[in-house]
file start-v8.cif (mmCIF, C-alpha atoms and all ligand atoms)
data_input
#
loop_
_atom_site.label_atom_id
_atom_site.label_comp_id
_atom_site.auth_asym_id
_atom_site.auth_seq_id
_atom_site.Cartn_x
_atom_site.Cartn_y
_atom_site.Cartn_z
CA MET A 19 51.90 12.08 97.28
CA PHE A 20 54.25 12.75 100.21
CA LYS A 21 53.89 9.13 101.35
CA ASP A 22 54.96 7.91 97.93
CA LEU A 23 57.87 10.33 97.79
CA ARG A 24 58.91 9.47 101.30
CA GLU A 25 59.06 5.77 100.42
CA LYS A 26 61.12 6.44 97.29
CA ILE A 27 63.55 8.64 99.25
CA LYS A 28 63.91 5.93 101.88
CA GLN A 29 64.71 3.23 99.33
CA LEU A 30 67.12 5.33 97.32
CA LYS A 31 68.85 6.62 100.43
CA LYS A 32 69.60 3.03 101.42
CA ARG A 33 70.87 2.17 97.95
CA ARG A 34 73.15 5.20 97.87
CA LYS A 35 74.37 4.65 101.46
CA ALA A 36 73.30 8.21 102.16
CA ILE A 37 72.14 10.12 105.19
CA ILE A 38 69.91 13.16 105.16
CA LEU A 39 70.81 16.01 107.52
CA ALA A 40 68.29 18.80 108.06
CA HIS A 41 68.73 22.08 109.86
CA ASN A 42 66.04 22.96 112.42
CA TYR A 43 64.63 25.69 110.10
CA GLN A 44 63.88 23.34 107.21
CA LEU A 45 60.32 22.78 105.99
CA PRO A 46 58.33 20.14 107.93
CA GLU A 47 58.32 17.82 104.88
CA VAL A 48 62.14 17.94 104.89
CA GLN A 49 62.52 17.46 108.66
CA ASP A 50 60.20 14.46 108.34
CA VAL A 51 62.52 12.57 105.96
CA ALA A 52 65.76 13.55 107.69
CA ASP A 53 67.90 11.05 109.59
CA TYR A 54 69.07 13.87 111.84
CA ARG A 55 67.78 17.34 112.57
CA GLY A 56 69.95 19.82 114.41
CA ASP A 57 71.68 23.14 114.76
CA SER A 58 74.91 24.06 112.97
CA LEU A 59 77.18 22.52 115.60
CA GLU A 60 75.25 19.24 115.84
CA LEU A 61 75.04 18.80 112.07
CA SER A 62 78.75 19.39 111.60
CA ARG A 63 79.55 16.86 114.34
CA ILE A 64 77.25 14.28 112.75
CA ALA A 65 78.83 14.90 109.34
CA ALA A 66 82.30 14.47 110.87
CA ASN A 67 81.41 11.10 112.39
CA THR A 68 79.13 9.40 109.88
CA ASP A 69 79.97 6.20 107.98
CA ALA A 70 77.63 7.15 105.15
CA LYS A 71 79.09 7.58 101.68
CA VAL A 72 76.77 10.42 100.71
CA ILE A 73 75.56 13.33 102.85
CA VAL A 74 72.40 15.03 101.61
CA PHE A 75 72.62 18.42 103.29
CA CYS A 76 69.32 20.22 103.78
CA GLY A 77 70.37 23.61 105.06
CA VAL A 78 72.26 26.56 103.64
CA HIS A 79 75.47 26.52 101.63
CA PHE A 80 77.99 27.23 104.42
CA MET A 81 76.61 24.25 106.37
CA ALA A 82 77.17 21.86 103.45
CA GLU A 83 80.63 23.36 102.94
CA THR A 84 81.42 22.69 106.60
CA ALA A 85 80.43 19.05 106.11
CA SER A 86 82.65 18.85 103.04
CA ILE A 87 85.57 20.45 104.91
CA LEU A 88 85.25 17.83 107.66
CA CYS A 89 84.78 14.82 105.37
CA PRO A 90 86.41 15.29 101.98
CA ASP A 91 86.15 11.54 101.27
CA LYS A 92 82.34 11.77 101.25
CA LEU A 93 80.06 13.10 98.58
CA VAL A 94 78.21 16.10 100.03
CA ILE A 95 75.19 17.17 97.99
CA MET A 96 72.62 19.91 98.38
CA PRO A 97 69.09 19.44 97.02
CA ASP A 98 69.06 23.17 96.22
CA ILE A 99 72.47 24.67 95.59
CA HIS A 100 71.04 28.20 95.65
CA SER A 101 70.22 28.05 99.37
CA GLY A 102 72.72 30.58 100.65
CA CYS A 103 73.05 32.54 103.88
CA PRO A 104 72.91 36.32 103.32
CA MET A 105 74.83 36.90 106.55
CA ALA A 106 77.68 34.64 105.37
CA ASN A 107 77.73 36.59 102.10
CA MET A 108 78.29 39.87 103.98
CA LEU A 109 81.97 39.07 104.56
CA THR A 110 84.48 38.02 101.89
CA ALA A 111 87.92 36.54 102.49
CA GLU A 112 89.40 39.76 101.05
CA ASP A 113 87.39 41.85 103.57
CA LEU A 114 88.74 39.73 106.39
CA ARG A 115 92.33 39.88 105.17
CA LYS A 116 92.09 43.68 105.19
CA LEU A 117 90.63 43.67 108.70
CA LYS A 118 93.45 41.39 109.87
CA GLN A 119 96.00 43.81 108.41
CA ARG A 120 94.51 46.60 110.54
CA TYR A 121 94.79 44.46 113.70
CA PRO A 122 97.85 42.25 113.12
CA GLN A 123 98.03 41.16 116.77
CA ALA A 124 94.40 40.05 117.00
CA ILE A 125 93.20 36.45 117.13
CA VAL A 126 90.39 35.86 114.65
CA VAL A 127 87.17 34.15 115.73
CA GLY A 128 84.58 33.50 113.02
CA TYR A 129 81.00 32.37 113.23
CA VAL A 130 80.29 29.16 111.33
CA ASN A 131 77.98 31.28 109.13
CA THR A 132 80.88 32.12 106.81
CA SER A 133 82.15 30.77 103.49
CA ALA A 134 84.97 28.20 103.38
CA GLU A 135 87.30 30.92 102.03
CA VAL A 136 86.58 33.06 105.10
CA LYS A 137 87.02 30.05 107.42
CA ALA A 138 90.46 29.52 105.91
CA GLU A 139 91.39 32.99 107.27
CA LEU A 140 90.19 32.25 110.83
CA ASP A 141 92.13 31.15 113.85
CA ILE A 142 89.08 29.54 115.38
CA CYS A 143 85.49 28.93 114.39
CA CYS A 144 82.41 29.09 116.64
CA THR A 145 78.67 28.49 116.47
CA SER A 146 75.80 30.05 118.38
CA THR A 147 76.10 27.15 120.86
CA ASN A 148 79.70 27.75 121.81
CA ALA A 149 80.59 31.37 120.87
CA VAL A 150 80.78 32.45 124.53
CA ALA A 151 82.90 29.42 125.50
CA VAL A 152 85.27 30.02 122.56
CA VAL A 153 85.86 33.67 123.51
CA ASN A 154 86.22 32.70 127.18
CA ALA A 155 88.92 30.24 126.15
CA LEU A 156 90.98 33.13 124.70
CA LYS A 157 91.67 34.83 128.03
CA ASP A 158 95.37 35.24 127.25
CA LYS A 159 94.67 37.08 123.97
CA LYS A 160 94.66 40.86 124.06
CA GLU A 161 92.72 41.57 120.88
CA ILE A 162 89.92 39.49 119.38
CA ILE A 163 88.33 39.95 115.97
CA PHE A 164 84.83 38.43 115.90
CA VAL A 165 83.06 38.17 112.52
CA PRO A 166 80.67 38.53 110.74
CA ASP A 167 77.61 38.96 113.01
CA LYS A 168 77.68 42.22 114.97
CA TYR A 169 74.71 41.18 117.11
CA LEU A 170 76.18 37.83 118.09
CA ALA A 171 79.39 39.75 118.82
CA ASP A 172 77.45 42.15 121.05
CA TYR A 173 75.91 39.24 122.97
CA VAL A 174 79.25 37.45 123.36
CA SER A 175 80.98 40.66 124.38
CA LYS A 176 78.43 41.28 127.15
CA LYS A 177 78.63 37.68 128.39
CA THR A 178 82.43 37.53 128.42
CA GLN A 179 83.17 41.16 129.34
CA ARG A 180 85.55 41.28 126.37
CA LYS A 181 85.78 44.07 123.84
CA LEU A 182 85.52 42.54 120.37
CA ILE A 183 86.55 43.97 117.02
CA CYS A 184 83.55 43.20 114.87
CA TRP A 185 82.16 43.38 111.35
CA ASN A 186 78.95 44.98 110.14
CA GLY A 187 77.21 41.67 109.37
CA PHE A 188 73.79 40.58 110.58
CA CYS A 189 71.01 38.14 109.83
CA PRO A 190 68.24 39.77 107.76
CA THR A 191 65.74 37.29 109.20
CA HIS A 192 66.50 37.74 112.90
CA VAL A 193 66.56 41.54 112.74
CA LYS A 194 62.90 41.40 111.74
CA ILE A 195 62.07 40.40 115.30
CA LEU A 196 61.54 43.62 117.26
CA PRO A 197 61.29 44.33 120.99
CA GLU A 198 57.65 45.39 120.39
CA ASP A 199 56.95 41.87 119.12
CA ILE A 200 58.24 40.31 122.31
CA LYS A 201 56.32 42.78 124.49
CA ARG A 202 53.09 42.19 122.54
CA GLU A 203 53.39 38.40 122.79
CA LYS A 204 54.20 38.71 126.50
CA LYS A 205 50.92 40.58 126.96
CA PHE A 206 49.01 37.79 125.19
CA HIS A 207 50.89 35.03 127.01
CA PRO A 208 52.06 36.41 130.36
CA PHE A 209 53.26 33.01 131.66
CA ALA A 210 55.31 32.17 128.58
CA LYS A 211 59.10 31.98 128.70
CA VAL A 212 60.91 33.97 126.03
CA MET A 213 63.61 32.12 124.06
CA VAL A 214 65.66 34.05 121.49
CA HIS A 215 68.58 33.39 119.18
CA PRO A 216 71.74 35.48 119.80
CA GLU A 217 71.52 36.76 116.19
CA CYS A 218 68.58 38.91 117.36
CA LEU A 219 68.86 42.63 118.04
CA PRO A 220 70.38 43.43 121.48
CA SER A 221 67.09 45.11 122.47
CA VAL A 222 65.34 41.77 121.82
CA VAL A 223 68.02 39.71 123.56
CA ALA A 224 67.60 41.95 126.63
CA LEU A 225 63.97 40.77 126.97
CA ALA A 226 64.73 37.04 126.84
CA ASP A 227 64.67 34.37 129.55
CA ASN A 228 66.85 32.15 127.42
CA VAL A 229 69.35 33.06 124.67
CA SER A 230 70.59 30.07 122.73
CA SER A 231 71.10 28.14 119.52
CA THR A 232 68.14 26.45 117.85
CA SER A 233 68.81 23.02 119.36
CA GLN A 234 69.54 24.50 122.77
CA MET A 235 66.09 26.11 122.60
CA CYS A 236 64.61 22.65 121.97
CA LYS A 237 66.45 21.38 125.04
CA PHE A 238 65.36 24.34 127.17
CA ALA A 239 61.71 23.91 126.13
CA GLY A 240 61.83 20.18 126.86
CA GLU A 241 63.39 20.57 130.31
CA SER A 242 61.55 23.71 131.48
CA GLU A 243 58.57 23.53 133.83
CA ALA A 244 56.92 26.21 131.69
CA LYS A 245 54.08 25.19 129.39
CA GLU A 246 54.24 28.12 126.98
CA PHE A 247 57.10 29.70 125.04
CA ILE A 248 57.59 32.74 122.85
CA VAL A 249 60.08 31.80 120.17
CA GLY A 250 62.43 34.51 118.91
CA THR A 251 64.03 32.86 115.95
CA GLU A 252 63.21 31.70 112.40
CA ILE A 253 59.70 30.26 112.52
CA GLY A 254 60.74 26.86 111.11
CA LEU A 255 61.89 25.83 114.58
CA ILE A 256 58.29 25.85 115.83
CA TYR A 257 57.50 22.65 113.90
CA ARG A 258 60.21 20.72 115.76
CA LEU A 259 59.35 22.32 119.10
CA LYS A 260 55.69 21.30 118.77
CA LYS A 261 56.50 17.81 117.55
CA ASP A 262 58.93 17.16 120.41
CA ASN A 263 56.67 18.77 123.06
CA PRO A 264 53.05 18.06 122.08
CA LYS A 265 51.73 19.19 125.46
CA LYS A 266 53.40 22.61 125.32
CA GLU A 267 52.51 25.74 123.37
CA PHE A 268 54.92 27.71 121.17
CA TYR A 269 54.24 31.16 119.78
CA PRO A 270 56.45 32.81 117.14
CA ALA A 271 57.72 36.21 118.33
CA SER A 272 57.18 37.41 114.75
CA GLU A 273 55.66 35.70 111.72
CA ALA A 274 58.03 37.86 109.66
CA ALA A 275 61.05 35.87 110.83
CA VAL A 276 61.31 33.63 107.78
CA CYS A 277 64.61 32.68 106.12
CA PRO A 278 63.62 32.15 102.46
CA ASN A 279 66.85 30.29 101.78
CA MET A 280 65.98 27.67 104.38
CA LYS A 281 62.65 27.03 102.61
CA ARG A 282 63.96 26.17 99.15
CA ILE A 283 64.44 22.45 99.75
CA THR A 284 61.51 20.07 99.28
CA GLN A 285 61.04 16.28 99.29
CA GLU A 286 60.98 16.30 95.48
CA LYS A 287 64.35 18.05 95.36
CA ILE A 288 65.78 15.56 97.87
CA LEU A 289 64.66 12.66 95.70
CA PHE A 290 66.15 14.30 92.63
CA ALA A 291 69.41 14.95 94.48
CA LEU A 292 69.62 11.28 95.46
CA GLU A 293 68.80 10.13 91.93
CA GLU A 294 71.34 12.39 90.22
CA LEU A 295 73.83 12.65 93.12
CA LYS A 296 73.84 16.42 92.61
CA GLU A 297 74.64 19.27 93.35
CA GLU A 298 77.97 18.45 94.85
CA VAL A 299 79.53 20.86 97.37
CA ARG A 300 83.30 20.46 97.46
CA VAL A 301 85.88 22.79 98.93
CA PRO A 302 89.27 23.02 97.14
CA ASP A 303 92.00 21.28 99.12
CA ASN A 304 94.20 24.33 99.87
CA ILE A 305 91.23 26.16 101.42
CA ARG A 306 89.79 23.06 103.03
CA ARG A 307 92.95 22.27 105.02
CA ARG A 308 93.14 25.76 106.53
CA ALA A 309 89.41 25.98 107.22
CA LYS A 310 89.46 22.57 108.89
CA LYS A 311 92.05 23.75 111.42
CA ALA A 312 89.73 26.54 112.58
CA ILE A 313 86.82 24.10 112.98
CA GLU A 314 88.95 21.51 114.79
CA ARG A 315 90.18 24.16 117.25
CA MET A 316 86.52 24.84 118.05
CA PHE A 317 85.82 21.12 118.58
CA LYS A 318 88.69 21.03 121.10
CA ILE A 319 86.96 23.67 123.22
CA ILE A 320 83.45 22.23 123.15
P1 LIG B 401 71.93 27.47 114.88
O1 LIG B 401 73.30 26.96 114.83
O2 LIG B 401 71.53 28.01 116.21
O3 LIG B 401 70.94 26.45 114.40
O4 LIG B 401 71.82 28.74 113.94
C1 LIG B 401 72.09 28.71 112.59
C2 LIG B 401 71.54 29.88 111.92
O5 LIG B 401 71.77 30.09 110.75
C3 LIG B 401 70.73 30.77 112.69
O6 LIG B 401 70.16 31.71 111.88
FE1 LIG B 402 71.65 32.94 107.50
FE2 LIG B 402 69.87 34.20 109.00
FE3 LIG B 402 69.05 32.35 107.31
FE4 LIG B 402 70.41 31.70 109.53
S1 LIG B 402 68.37 32.58 109.40
S2 LIG B 402 70.75 30.89 107.48
S3 LIG B 402 71.83 33.42 109.66
S4 LIG B 402 70.04 34.31 106.80
#
call {"tool": "encode", "arguments": {"input": "start-v8.cif", "output": "structure tokens", "more": "lines below"}}
Ligand code: 13P
Ligand code: SF4
result
Amino acid sequence: MFKDLREKIKQLKKRRKAIILAHNYQLPEVQDVADYRGDSLELSRIAANTDAKVIVFCGVHFMAETASILCPDKLVIMPDIHSGCPMANMLTAEDLRKLKQRYPQAIVVGYVNTSAEVKAELDICCTSTNAVAVVNALKDKKEIIFVPDKYLADYVSKKTQRKLICWNGFCPTHVKILPEDIKREKKFHPFAKVMVHPECLPSVVALADNVSSTSQMCKFAGESEAKEFIVGTEIGLIYRLKKDNPKKEFYPASEAAVCPNMKRITQEKILFALEELKEEVRVPDNIRRRAKKAIERMFKII
């Protein structure tokens, strides 16, 4: 059945002049039909540079919005429009405006895991790949607001030695990974390297050999001499890690680290999206222009 679906998706994709982008947490069946897999930064760069007319975005809503912000002339569609990011939903534009009023002198850095309305309120955007570099680039700024992820903020603050004004946001999936999980897996696999996402709890980050974005973890695993890895992020990444490194072993730090929103898209929904050219994600122009500035400032840094 998958073979049949795959063939239909391939043909229709060509006819529609579409590309399929899939985040590293997507289901294997989705990653398998994608033209590109990647982390948030990579996918937004690909979206910004593609010649395709249609972008089928297999990820969560803020990622498709970012693609639409960067290429308003393209049709950006999501095979499941209800795939949201609970962390992004923890901060509204109104919340951020109020925070800015409390710290009128502060420069505002926002994680890409935010809505387009929130991005429009930012001075500069960042992803898990470049958050440290972005804050390091703001050496001349006295006060920095960093939203919405308090754990990413904690990691960045420690790495840059900067005090950050943060928000009480977090990723409900990554906080399920506990230090006990890492210690238990270390006992089972004493030679394994520990890779974790900076959205994890600080007590988990403190136990890691490598703290990075999902695609940076793929790079680290590929280049490392180590043969075994404990993976402290959403478990969907394991599929890609194993596929790219068939001779290496990857163990999830916790089987509980599942992002249900990243699992909503299937091959059937992709085919339907291509047939119907739905659901469109489009950001209103007044918001899009302001949000784009924050993303472009990030691209200038890294
Ligand atoms: P990456 O940019 O590292 O892929 O992270 C996105 C995300 O949502 C992590 O939970
Ligand atoms: Fe959002 Fe967390 Fe899911 Fe990433 S894993 S999309 S941060 S809820």
call {"tool": "closest_atom_pairs", "arguments": {"input": "start-v8.cif", "of": "chain A", "to": "ligand LIG 402 (chain B)", "cutoff": "10 Å", "atoms": "all atoms listed in the file", "output": "Markdown table"}}
result
| residue | atom | partner | partner_atom | distance |
| --- | --- | --- | --- | --- |
| A:His41 | CA | B:LIG402 | S2 | 9.3 |
| A:Tyr43 | CA | B:LIG402 | S1 | 7.9 |
| A:Ser58 | CA | B:LIG402 | FE4 | 9.5 |
| A:Gly77 | CA | B:LIG402 | S2 | 7.7 |
| A:Val78 | CA | B:LIG402 | S2 | 6.0 |
| A:His79 | CA | B:LIG402 | S2 | 8.7 |
| A:Phe80 | CA | B:LIG402 | S2 | 8.7 |
| A:Met81 | CA | B:LIG402 | S2 | 8.9 |
| A:Ser101 | CA | B:LIG402 | S2 | 8.6 |
| A:Gly102 | CA | B:LIG402 | S2 | 7.1 |
| A:Cys103 | CA | B:LIG402 | FE1 | 3.9 |
| A:Pro104 | CA | B:LIG402 | S4 | 4.9 |
| A:Met105 | CA | B:LIG402 | FE1 | 5.2 |
| A:Ala106 | CA | B:LIG402 | FE1 | 6.6 |
| A:Asn107 | CA | B:LIG402 | FE1 | 8.9 |
| A:Tyr129 | CA | B:LIG402 | S3 | 9.9 |
| A:Val130 | CA | B:LIG402 | S3 | 9.6 |
| A:Asn131 | CA | B:LIG402 | S3 | 6.5 |
| A:Thr132 | CA | B:LIG402 | FE1 | 9.3 |
| A:Asp167 | CA | B:LIG402 | S3 | 8.7 |
| A:Gly187 | CA | B:LIG402 | S3 | 9.9 |
| A:Phe188 | CA | B:LIG402 | S3 | 7.5 |
| A:Cys189 | CA | B:LIG402 | FE2 | 4.2 |
| A:Pro190 | CA | B:LIG402 | S4 | 5.8 |
| A:Thr191 | CA | B:LIG402 | FE2 | 5.2 |
| A:His192 | CA | B:LIG402 | FE2 | 6.3 |
| A:Val193 | CA | B:LIG402 | FE2 | 8.9 |
| A:His215 | CA | B:LIG402 | S1 | 9.8 |
| A:Glu217 | CA | B:LIG402 | S3 | 7.3 |
| A:Cys218 | CA | B:LIG402 | FE2 | 9.7 |
| A:Thr251 | CA | B:LIG402 | S1 | 7.9 |
| A:Glu252 | CA | B:LIG402 | S1 | 6.0 |
| A:Ile253 | CA | B:LIG402 | S1 | 9.5 |
| A:Gly254 | CA | B:LIG402 | S1 | 9.7 |
| A:Ala275 | CA | B:LIG402 | S1 | 8.2 |
| A:Val276 | CA | B:LIG402 | S1 | 7.3 |
| A:Cys277 | CA | B:LIG402 | FE3 | 4.6 |
| A:Pro278 | CA | B:LIG402 | FE3 | 7.3 |
| A:Asn279 | CA | B:LIG402 | FE3 | 6.3 |
| A:Met280 | CA | B:LIG402 | FE3 | 6.3 |
| A:Lys281 | CA | B:LIG402 | FE3 | 9.6 |
call {"tool": "write_last_selection", "arguments": {"input": "start-v8.cif", "atoms": "C-alpha atoms", "output": "PDB file, keeping the file's coordinate frame"}}
result
ATOM      1  CA  HIS A  41      68.730  22.080 109.860  1.00  0.00           C
ATOM      2  CA  TYR A  43      64.630  25.690 110.100  1.00  0.00           C
ATOM      3  CA  SER A  58      74.910  24.060 112.970  1.00  0.00           C
ATOM      4  CA  GLY A  77      70.370  23.610 105.060  1.00  0.00           C
ATOM      5  CA  VAL A  78      72.260  26.560 103.640  1.00  0.00           C
ATOM      6  CA  HIS A  79      75.470  26.520 101.630  1.00  0.00           C
ATOM      7  CA  PHE A  80      77.990  27.230 104.420  1.00  0.00           C
ATOM      8  CA  MET A  81      76.610  24.250 106.370  1.00  0.00           C
ATOM      9  CA  SER A 101      70.220  28.050  99.370  1.00  0.00           C
ATOM     10  CA  GLY A 102      72.720  30.580 100.650  1.00  0.00           C
ATOM     11  CA  CYS A 103      73.050  32.540 103.880  1.00  0.00           C
ATOM     12  CA  PRO A 104      72.910  36.320 103.320  1.00  0.00           C
ATOM     13  CA  MET A 105      74.830  36.900 106.550  1.00  0.00           C
ATOM     14  CA  ALA A 106      77.680  34.640 105.370  1.00  0.00           C
ATOM     15  CA  ASN A 107      77.730  36.590 102.100  1.00  0.00           C
ATOM     16  CA  TYR A 129      81.000  32.370 113.230  1.00  0.00           C
ATOM     17  CA  VAL A 130      80.290  29.160 111.330  1.00  0.00           C
ATOM     18  CA  ASN A 131      77.980  31.280 109.130  1.00  0.00           C
ATOM     19  CA  THR A 132      80.880  32.120 106.810  1.00  0.00           C
ATOM     20  CA  ASP A 167      77.610  38.960 113.010  1.00  0.00           C
ATOM     21  CA  GLY A 187      77.210  41.670 109.370  1.00  0.00           C
ATOM     22  CA  PHE A 188      73.790  40.580 110.580  1.00  0.00           C
ATOM     23  CA  CYS A 189      71.010  38.140 109.830  1.00  0.00           C
ATOM     24  CA  PRO A 190      68.240  39.770 107.760  1.00  0.00           C
ATOM     25  CA  THR A 191      65.740  37.290 109.200  1.00  0.00           C
ATOM     26  CA  HIS A 192      66.500  37.740 112.900  1.00  0.00           C
ATOM     27  CA  VAL A 193      66.560  41.540 112.740  1.00  0.00           C
ATOM     28  CA  HIS A 215      68.580  33.390 119.180  1.00  0.00           C
ATOM     29  CA  GLU A 217      71.520  36.760 116.190  1.00  0.00           C
ATOM     30  CA  CYS A 218      68.580  38.910 117.360  1.00  0.00           C
ATOM     31  CA  THR A 251      64.030  32.860 115.950  1.00  0.00           C
ATOM     32  CA  GLU A 252      63.210  31.700 112.400  1.00  0.00           C
ATOM     33  CA  ILE A 253      59.700  30.260 112.520  1.00  0.00           C
ATOM     34  CA  GLY A 254      60.740  26.860 111.110  1.00  0.00           C
ATOM     35  CA  ALA A 275      61.050  35.870 110.830  1.00  0.00           C
ATOM     36  CA  VAL A 276      61.310  33.630 107.780  1.00  0.00           C
ATOM     37  CA  CYS A 277      64.610  32.680 106.120  1.00  0.00           C
ATOM     38  CA  PRO A 278      63.620  32.150 102.460  1.00  0.00           C
ATOM     39  CA  ASN A 279      66.850  30.290 101.780  1.00  0.00           C
ATOM     40  CA  MET A 280      65.980  27.670 104.380  1.00  0.00           C
ATOM     41  CA  LYS A 281      62.650  27.030 102.610  1.00  0.00           C
TER      42      LYS A 281
END
call {"tool": "residues_near_ligand", "arguments": {"input": "start-v8.cif", "ligand": "ligand LIG 401 (chain B)", "cutoff": "6 Å", "atoms": "all atoms listed in the file", "output": "number ranges by chain"}}
result
A: 57-59, 145-146, 231-232
call {"tool": "closest_residue", "arguments": {"input": "start-v8.cif", "among": "A:Val72, A:Ala134, A:Leu170, A:Val48", "to": "A:Lys311", "atoms": "all atoms listed in the file"}}
result
A:Ala134
call {"tool": "closest_residue", "arguments": {"input": "start-v8.cif", "among": "A:Arg63, A:Lys176, A:Lys118, A:Lys32", "to": "A:Glu139", "atoms": "all atoms listed in the file"}}
result
A:Lys118
call {"tool": "residues_around", "arguments": {"input": "start-v8.cif", "residues": "A:Val152", "least_positions_apart": "3", "cutoff": "10 Å", "atoms": "all atoms listed in the file", "output": "number ranges by chain"}}
result
A: 127, 142-145, 147-149, 155-157, 174, 178, 315-320
call {"tool": "atom_distance", "arguments": {"input": "start-v8.cif", "atom1": "atom CA of A:Asn154", "atom2": "atom CA of A:Asn186"}}
result
22.2 Å
call {"tool": "atom_distance", "arguments": {"input": "start-v8.cif", "atom1": "atom CA of A:Asn67", "atom2": "atom CA of A:Cys89"}}
result
8.6 Å
call {"tool": "atom_distance", "arguments": {"input": "start-v8.cif", "atom1": "atom CA of A:Pro270", "atom2": "atom CA of A:Val249"}}
result
4.8 Å
call {"tool": "decode", "arguments": {"input": "start-v8.cif", "residues": "stretch 211-223 of chain A", "atoms": "N, CA, C and O atoms", "output": "short mmCIF file (atom, residue, chain, number, x, y, z; two decimals), in the first residue's frame"}}
result
data_model
loop_
_atom_site.label_atom_id
_atom_site.label_comp_id
_atom_site.auth_asym_id
_atom_site.auth_seq_id
_atom_site.Cartn_x
_atom_site.Cartn_y
_atom_site.Cartn_z
N LYS A 211 27.85 7.83 23.75
CA LYS A 211 27.88 9.30 23.91
C LYS A 211 26.44 9.78 24.10
O LYS A 211 25.52 9.24 23.49
N VAL A 212 26.30 10.80 24.94
CA VAL A 212 24.96 11.33 25.22
C VAL A 212 24.73 12.62 24.43
O VAL A 212 25.48 13.59 24.59
N MET A 213 23.71 12.60 23.56
CA MET A 213 23.37 13.81 22.79
C MET A 213 22.01 14.29 23.29
O MET A 213 21.08 13.48 23.38
N VAL A 214 21.88 15.57 23.60
CA VAL A 214 20.57 16.07 24.03
C VAL A 214 20.24 17.40 23.35
O VAL A 214 21.13 18.15 22.95
N HIS A 215 18.94 17.65 23.27
CA HIS A 215 18.46 18.90 22.68
C HIS A 215 18.46 19.97 23.78
O HIS A 215 18.15 19.67 24.94
N PRO A 216 18.78 21.23 23.43
CA PRO A 216 18.80 22.27 24.48
C PRO A 216 17.42 22.61 25.06
O PRO A 216 17.35 23.41 26.00
N GLU A 217 16.34 22.03 24.53
CA GLU A 217 15.03 22.21 25.16
C GLU A 217 14.86 21.32 26.40
O GLU A 217 13.87 21.41 27.10
N CYS A 218 15.85 20.44 26.63
CA CYS A 218 15.76 19.52 27.78
C CYS A 218 15.99 20.29 29.09
O CYS A 218 16.54 21.39 29.10
N LEU A 219 15.60 19.64 30.19
CA LEU A 219 15.83 20.22 31.51
C LEU A 219 17.32 20.48 31.72
O LEU A 219 18.15 19.67 31.27
N PRO A 220 17.69 21.54 32.45
CA PRO A 220 19.12 21.81 32.70
C PRO A 220 19.84 20.63 33.36
O PRO A 220 21.00 20.37 33.07
N SER A 221 19.13 19.88 34.21
CA SER A 221 19.75 18.72 34.87
C SER A 221 20.06 17.61 33.87
O SER A 221 20.95 16.78 34.10
N VAL A 222 19.36 17.59 32.75
CA VAL A 222 19.63 16.62 31.68
C VAL A 222 20.77 17.14 30.80
O VAL A 222 21.71 16.40 30.48
N VAL A 223 20.69 18.42 30.48
CA VAL A 223 21.73 19.05 29.65
C VAL A 223 23.11 18.87 30.32
O VAL A 223 24.11 18.60 29.66
#
